[in-house]
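A.B. asks: Sharing data-v6.pdb, PDB, C-alpha atoms:
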```
ATOM      1  CA  MET T 250      18.022  34.191 162.223
ATOM      2  CA  PRO T 251      20.317  31.711 163.965
ATOM      3  CA  VAL T 252      22.556  31.676 160.877
ATOM      4  CA  MET T 253      23.375  35.389 161.265
ATOM      5  CA  GLY T 254      26.718  34.545 162.894
ATOM      6  CA  ASP T 255      27.287  38.113 164.118
ATOM      7  CA  PRO T 256      27.226  38.329 167.931
ATOM      8  CA  ARG T 257      26.303  42.032 167.747
ATOM      9  CA  PHE T 258      22.921  41.004 166.315
ATOM     10  CA  GLU T 259      22.411  37.595 167.903
ATOM     11  CA  ARG T 260      18.896  37.207 169.391
ATOM     12  CA  SER T 261      18.207  40.891 168.777
ATOM     13  CA  VAL T 262      15.031  42.762 168.044
ATOM     14  CA  ILE T 263      15.808  45.603 165.679
ATOM     15  CA  TYR T 264      13.478  48.505 165.107
ATOM     16  CA  LEU T 265      13.974  49.980 161.641
ATOM     17  CA  CYS T 266      13.724  53.756 162.021
ATOM     18  CA  ALA T 267      14.569  54.968 158.510
ATOM     19  CA  HIS T 268      14.569  53.320 155.095
ATOM     20  CA  SER T 269      13.180  54.775 151.886
ATOM     21  CA  PRO T 270      13.996  55.406 148.211
ATOM     22  CA  GLU T 271      14.980  58.969 149.174
ATOM     23  CA  ALA T 272      17.382  57.634 151.816
ATOM     24  CA  PRO T 273      18.455  54.237 150.402
ATOM     25  CA  TRP T 274      20.427  53.366 153.518
ATOM     26  CA  ALA T 275      18.693  51.863 156.531
ATOM     27  CA  SER T 276      19.055  53.017 160.119
ATOM     28  CA  SER T 277      17.754  51.247 163.181
ATOM     29  CA  SER T 278      18.079  50.675 166.886
ATOM     30  CA  ILE T 279      18.928  47.269 168.266
ATOM     31  CA  ILE T 280      16.869  46.569 171.319
ATOM     32  CA  ARG T 281      19.210  44.536 173.554
ATOM     33  CA  PRO T 282      19.821  45.059 177.269
ATOM     34  CA  ALA T 283      22.935  46.911 178.377
ATOM     35  CA  ALA T 284      22.196  48.258 181.881
ATOM     36  CA  SER T 285      19.761  50.274 183.941
ATOM     37  CA  ILE T 286      20.149  54.004 184.378
ATOM     38  CA  PHE T 287      20.818  54.940 187.970
ATOM     39  CA  GLN T 288      21.256  58.292 189.682
ATOM     40  CA  PRO T 289      25.060  58.656 189.291
ATOM     41  CA  CYS T 290      24.621  58.302 185.531
ATOM     42  CA  TRP T 291      22.097  61.157 185.495
ATOM     43  CA  CYS T 292      24.656  63.292 187.333
ATOM     44  CA  GLN T 293      27.546  62.312 185.079
ATOM     45  CA  LEU T 294      25.529  63.343 182.019
ATOM     46  CA  ASP T 295      24.733  66.636 183.788
ATOM     47  CA  ILE T 296      21.007  65.891 183.559
ATOM     48  CA  ILE T 297      20.660  66.659 187.250
ATOM     49  CA  LYS T 298      23.081  68.224 189.717
ATOM     50  CA  THR T 299      24.746  65.965 192.277
ATOM     51  CA  ALA T 300      23.093  67.885 195.119
ATOM     52  CA  ASP T 301      19.671  67.200 193.580
ATOM     53  CA  GLN T 302      20.082  63.498 192.910
ATOM     54  CA  ILE T 303      17.963  62.516 195.924
ATOM     55  CA  LYS T 304      15.081  64.464 194.287
ATOM     56  CA  LEU T 305      15.094  62.392 191.089
ATOM     57  CA  GLN T 306      11.617  61.128 190.273
ATOM     58  CA  GLU T 307      11.206  57.440 191.108
ATOM     59  CA  ASP T 308       9.705  56.650 187.715
ATOM     60  CA  ALA T 309      12.808  57.983 185.901
ATOM     61  CA  GLU T 310      15.131  55.266 187.225
ATOM     62  CA  PRO T 311      13.639  52.174 185.538
ATOM     63  CA  MET T 312      14.343  53.451 182.014
ATOM     64  CA  LYS T 313      16.628  50.895 180.414
ATOM     65  CA  VAL T 314      19.845  51.633 178.582
ATOM     66  CA  LEU T 315      20.069  49.327 175.574
ATOM     67  CA  LYS T 316      22.673  48.464 172.987
ATOM     68  CA  GLY T 317      21.513  50.492 170.016
ATOM     69  CA  GLY T 318      24.069  49.164 167.594
ATOM     70  CA  PRO T 319      27.692  49.066 166.668
ATOM     71  CA  VAL T 320      27.719  52.593 165.147
ATOM     72  CA  ASP T 321      28.173  55.793 167.200
ATOM     73  CA  THR T 322      27.800  54.016 170.559
ATOM     74  CA  GLY T 323      28.689  57.174 172.478
ATOM     75  CA  ARG T 324      25.462  58.810 171.359
ATOM     76  CA  GLY T 325      22.055  58.118 172.874
ATOM     77  CA  PHE T 326      18.811  57.709 170.968
ATOM     78  CA  VAL T 327      15.559  57.636 172.938
ATOM     79  CA  LEU T 328      12.739  55.599 171.421
ATOM     80  CA  HIS T 329       9.572  56.653 173.178
ATOM     81  CA  SER T 330       5.808  56.826 173.168
ATOM     82  CA  SER T 331       4.211  59.575 171.106
ATOM     83  CA  ASP T 332       2.812  61.375 174.157
ATOM     84  CA  PHE T 333       6.006  63.482 174.273
ATOM     85  CA  PHE T 334       7.317  65.746 171.499
ATOM     86  CA  ILE T 335      10.074  68.364 171.240
ATOM     87  CA  GLN T 336       9.716  70.683 168.248
ATOM     88  CA  ASP T 337      12.610  70.262 165.762
ATOM     89  CA  ALA T 338      14.091  67.414 167.837
ATOM     90  CA  THR T 339      11.548  64.588 167.895
ATOM     91  CA  LEU T 340      11.011  62.389 164.855
ATOM     92  CA  ASN T 341       7.620  60.671 164.607
ATOM     93  CA  ILE T 342       8.588  57.273 163.203
ATOM     94  CA  ASP T 343       5.361  55.284 163.335
ATOM     95  CA  ASP T 344       2.019  55.296 165.108
ATOM     96  CA  GLY T 345       2.869  55.415 168.771
ATOM     97  CA  ILE T 346       6.683  55.499 168.408
ATOM     98  CA  CYS T 347       8.972  58.527 168.268
ATOM     99  CA  LEU T 348      12.726  59.087 168.367
ATOM    100  CA  THR T 349      14.471  61.945 170.136
ATOM    101  CA  ALA T 350      18.256  62.243 170.293
ATOM    102  CA  THR T 351      18.768  65.384 172.371
ATOM    103  CA  VAL T 352      19.618  65.703 176.042
ATOM    104  CA  ASP T 353      16.350  67.644 176.523
ATOM    105  CA  ILE T 354      14.344  64.415 176.624
ATOM    106  CA  LEU T 355      16.595  63.000 179.353
ATOM    107  CA  LYS T 356      16.104  66.178 181.372
ATOM    108  CA  ALA T 357      12.321  65.888 180.942
ATOM    109  CA  ILE T 358      12.404  62.231 182.006
ATOM    110  CA  ALA T 359      14.517  63.088 185.071
ATOM    111  CA  LYS T 360      11.932  65.716 186.079
ATOM    112  CA  GLY T 361       9.064  63.283 185.577
ATOM    113  CA  ALA T 362       7.776  65.259 182.579
ATOM    114  CA  GLY T 363       8.953  62.958 179.784
ATOM    115  CA  PRO T 364       7.126  60.313 177.767
ATOM    116  CA  LYS T 365       5.144  57.592 179.499
ATOM    117  CA  HIS T 366       7.305  54.860 177.886
ATOM    118  CA  ALA T 367      10.919  55.228 176.793
ATOM    119  CA  ILE T 368      14.106  53.280 176.163
ATOM    120  CA  LEU T 369      17.569  54.738 175.635
ATOM    121  CA  ALA T 370      19.640  53.047 172.928
ATOM    122  CA  LEU T 371      23.371  53.749 172.785
ATOM    123  CA  GLY T 372      24.388  53.840 169.125
ATOM    124  CA  TYR T 373      22.564  52.540 166.087
ATOM    125  CA  ALA T 374      22.864  49.969 163.309
ATOM    126  CA  GLY T 375      23.130  51.028 159.693
ATOM    127  CA  TRP T 376      23.183  49.393 156.290
ATOM    128  CA  GLY T 377      24.335  50.755 152.947
ATOM    129  CA  PRO T 378      22.081  50.934 149.851
ATOM    130  CA  GLY T 379      20.680  47.475 149.095
ATOM    131  CA  GLN T 380      22.599  45.768 151.916
ATOM    132  CA  LEU T 381      19.622  45.119 154.201
ATOM    133  CA  GLU T 382      17.434  43.926 151.311
ATOM    134  CA  ASN T 383      20.194  41.502 150.314
ATOM    135  CA  GLU T 384      20.494  40.157 153.858
ATOM    136  CA  ILE T 385      16.719  39.666 154.065
ATOM    137  CA  GLN T 386      16.686  37.947 150.662
ATOM    138  CA  HIS T 387      19.359  35.534 151.896
ATOM    139  CA  ASN T 388      17.324  34.688 155.020
ATOM    140  CA  GLY T 389      19.508  36.688 157.392
ATOM    141  CA  TRP T 390      16.553  38.399 159.050
ATOM    142  CA  LEU T 391      12.976  37.709 160.007
ATOM    143  CA  HIS T 392      10.657  40.695 160.082
ATOM    144  CA  CYS T 393       7.285  41.696 161.447
ATOM    145  CA  ASP T 394       5.197  44.830 161.748
ATOM    146  CA  ALA T 395       6.291  47.356 164.347
ATOM    147  CA  ASP T 396       4.561  47.029 167.687
ATOM    148  CA  PRO T 397       4.940  49.805 170.302
ATOM    149  CA  ASP T 398       4.137  47.349 173.108
ATOM    150  CA  LEU T 399       6.962  45.068 171.992
ATOM    151  CA  ILE T 400       9.486  47.835 171.314
ATOM    152  CA  LEU T 401       8.890  49.918 174.438
ATOM    153  CA  ALA T 402       8.138  47.069 176.870
ATOM    154  CA  ALA T 403      10.281  46.940 179.979
ATOM    155  CA  MET T 404      11.017  43.202 179.715
ATOM    156  CA  SER T 405      13.739  43.469 177.066
ATOM    157  CA  ARG T 406      15.183  39.973 177.599
ATOM    158  CA  LYS T 407      11.939  38.438 176.306
ATOM    159  CA  LYS T 408      11.548  40.688 173.246
ATOM    160  CA  TYR T 409      13.220  38.266 170.835
ATOM    161  CA  SER T 410      10.878  35.409 171.758
ATOM    162  CA  ARG T 411       7.867  37.747 171.734
ATOM    163  CA  ALA T 412       8.793  39.053 168.261
ATOM    164  CA  LEU T 413       9.114  35.501 166.902
ATOM    165  CA  ARG T 414       5.796  34.475 168.409
ATOM    166  CA  LYS T 415       4.205  37.572 166.841
ATOM    167  CA  ILE T 416       4.945  36.079 163.403
ATOM    168  CA  GLY T 417       3.995  32.558 164.466
ATOM    169  CA  ILE T 418       7.449  31.080 165.015
ATOM    170  CA  ASP T 419       8.461  28.950 167.976
ATOM    171  CA  PRO T 420      12.083  29.916 168.815
ATOM    172  CA  GLY T 421      12.874  26.255 169.576
ATOM    173  CA  MET T 422      12.034  25.322 165.992
ATOM    174  CA  LEU T 423      14.624  27.602 164.366
ATOM    175  CA  SER T 424      17.727  25.883 163.003
ATOM    176  CA  ASN T 425      21.018  26.838 161.367
ATOM    177  CA  GLU T 426      20.743  23.848 159.058
ATOM    178  CA  ALA T 427      18.849  23.723 155.758
ATOM    179  CA  GLY T 428      17.325  20.506 154.489
ATOM    180  CA  HIS T 429      16.020  19.065 151.260
ATOM    181  CA  ALA T 430      12.799  17.147 150.838
TER
END
```
What's the structure tokens form of this structure?
C.D. replies:
Amino acid sequence: MPVMGDPRFERSVIYLCAHSPEAPWASSSIIRPAASIFQPCWCQLDIIKTADQIKLQEDAEPMKVLKGGPVDTGRGFVLHSSDFFIQDATLNIDDGICLTATVDILKAIAKGAGPKHAILALGYAGWGPGQLENEIQHNGWLHCDADPDLILAAMSRKKYSRALRKIGIDPGMLSNEAGHA
């Protein structure tokens, strides 16, 4: 919501990855643009060797690096389509969406053997027990059903508007002010 007042979450689409009575905290990835991965980054992470960088699959480069949240920003979390799975490393979150946080998925993507759709989020957002529910109750967040096309789409700058339209809201009609009739 416009009243959020926290620039880390402003105009963000957040995908809630974990929240349950067994784990009363909430964990999510914020889907906001940070940069594009390019070949030197693959080499720096030791995904491919410098001598092999010219051999990097063309379809590996467009994967976006996104701001995943203010927590643990040095760690990468790959949200991806469910056509790729690593035993004991991939978490099936919802129909069509998985999460893998090991370097093995980056190696598979670099070789052209990874998931069809993927985004890399650096860090994550987290809430303590009851915190997220309280923020929702006080109109801090709007929410909608998860949508793999929205979450994994390449056009990340339009995700906020697309998410609002999904729940029938015109972004131009949102206001920070409350009124009384």
A.B. asks: Would you pick out the contacts of T:Thr351 at 12 Å or less, using only C-alpha atoms, so that residues sharing its chain but fewer than 2 positions from it are not included, and give the list as a list of chain:residue names?
C.D. replies: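 After dropping sequence-adjacent residues, the list is T:Leu294, T:Ile296, T:Arg324, T:Gly325, T:Phe326, T:Val327, T:Leu328, T:Phe334, T:Ile335, T:Gln336, T:Asp337, T:Ala338, T:Thr339, T:Leu340, T:Leu348, T:Thr349, T:Asp353, T:Ile354, T:Leu355, T:Lys356, T:Ala357, T:Ile358, T:Leu369.
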A.B. asks: Which value, in Å to one decimal, gives the distance between atom CA of T:Tyr373 and atom CA of T:Pro397?
C.D. replies: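 Result for atom CA of T:Tyr373 versus atom CA of T:Pro397: 18.3 Å, one decimal.
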A.B. asks: So, counting only C-alpha atoms, which residue among T:Cys393, T:Ala359, T:Leu381, T:Ala267 is closest to T:Tyr409?
C.D. replies: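 With only C-alpha atoms as the atom set, the closest residue is T:Cys393.
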A.B. asks: I'd like the interatomic distance between atom CA of T:His268 and atom CA of T:Gly379, to a tenth of an Å.
C.D. replies: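 Pair atom CA of T:His268 / atom CA of T:Gly379 returns 10.4 Å.
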A.B. asks: Mind giving me the straight-line distance from atom CA of T:Tyr264 to atom CA of T:Ala402 in Å, one decimal?
C.D. replies: 13.0 Å
A.B. asks: Just need the box for stretch 387-398 of chain T, edges along x, y and z, holding every atom the file lists for it with 4 Å tacked onto each side, so centre and edge lengths in Å to one decimal, as lines of an AutoDock Vina configuration file.
C.D. replies:
```
center_x = 11.8
center_y = 42.2
center_z = 162.5
size_x = 23.4
size_y = 23.1
size_z = 29.2
```
A.B. asks: Using only C-alpha atoms, which of T:Trp376, T:Asp398, T:Ala367, T:Lys408 sits nearest T:Leu265?
C.D. replies: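 Of all the options, T:Trp376 lies closest to T:Leu265.
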A.B. asks: Which one of T:Ile263, T:Asn383, T:Ala374, T:Ala395 sits closest to T:Asp321 if you count all atoms listed in the file?
C.D. replies: T:Ala374
A.B. asks: So what does the PyMOL selection byres ((chain T and resi 390) around 12) actually pick up in this one, as an NGL selection string?
C.D. replies: :T and (250-255 or 258-263 or 380-389 or 391-393 or 413)
A.B. asks: Looking at T:Pro319, T:Val314, T:Ser410, T:Phe333, which one is nearest to T:Met422, with distances taken over only C-alpha atoms?
C.D. replies: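 The shortest atom-to-atom distance to T:Met422 comes from T:Ser410.
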A.B. asks: For a quick check of understanding, using all atoms listed in the file, which of T:Asp394, T:Asp332, T:Asp419, T:Asp343 has the smallest distance to T:Cys266?
C.D. replies: T:Asp343
A.B. asks: From the options T:Val352, T:Ala362, T:Ala370, T:Ile346, which residue's atoms come nearest to T:Gly318, counting only C-alpha atoms?
C.D. replies: T:Ala370
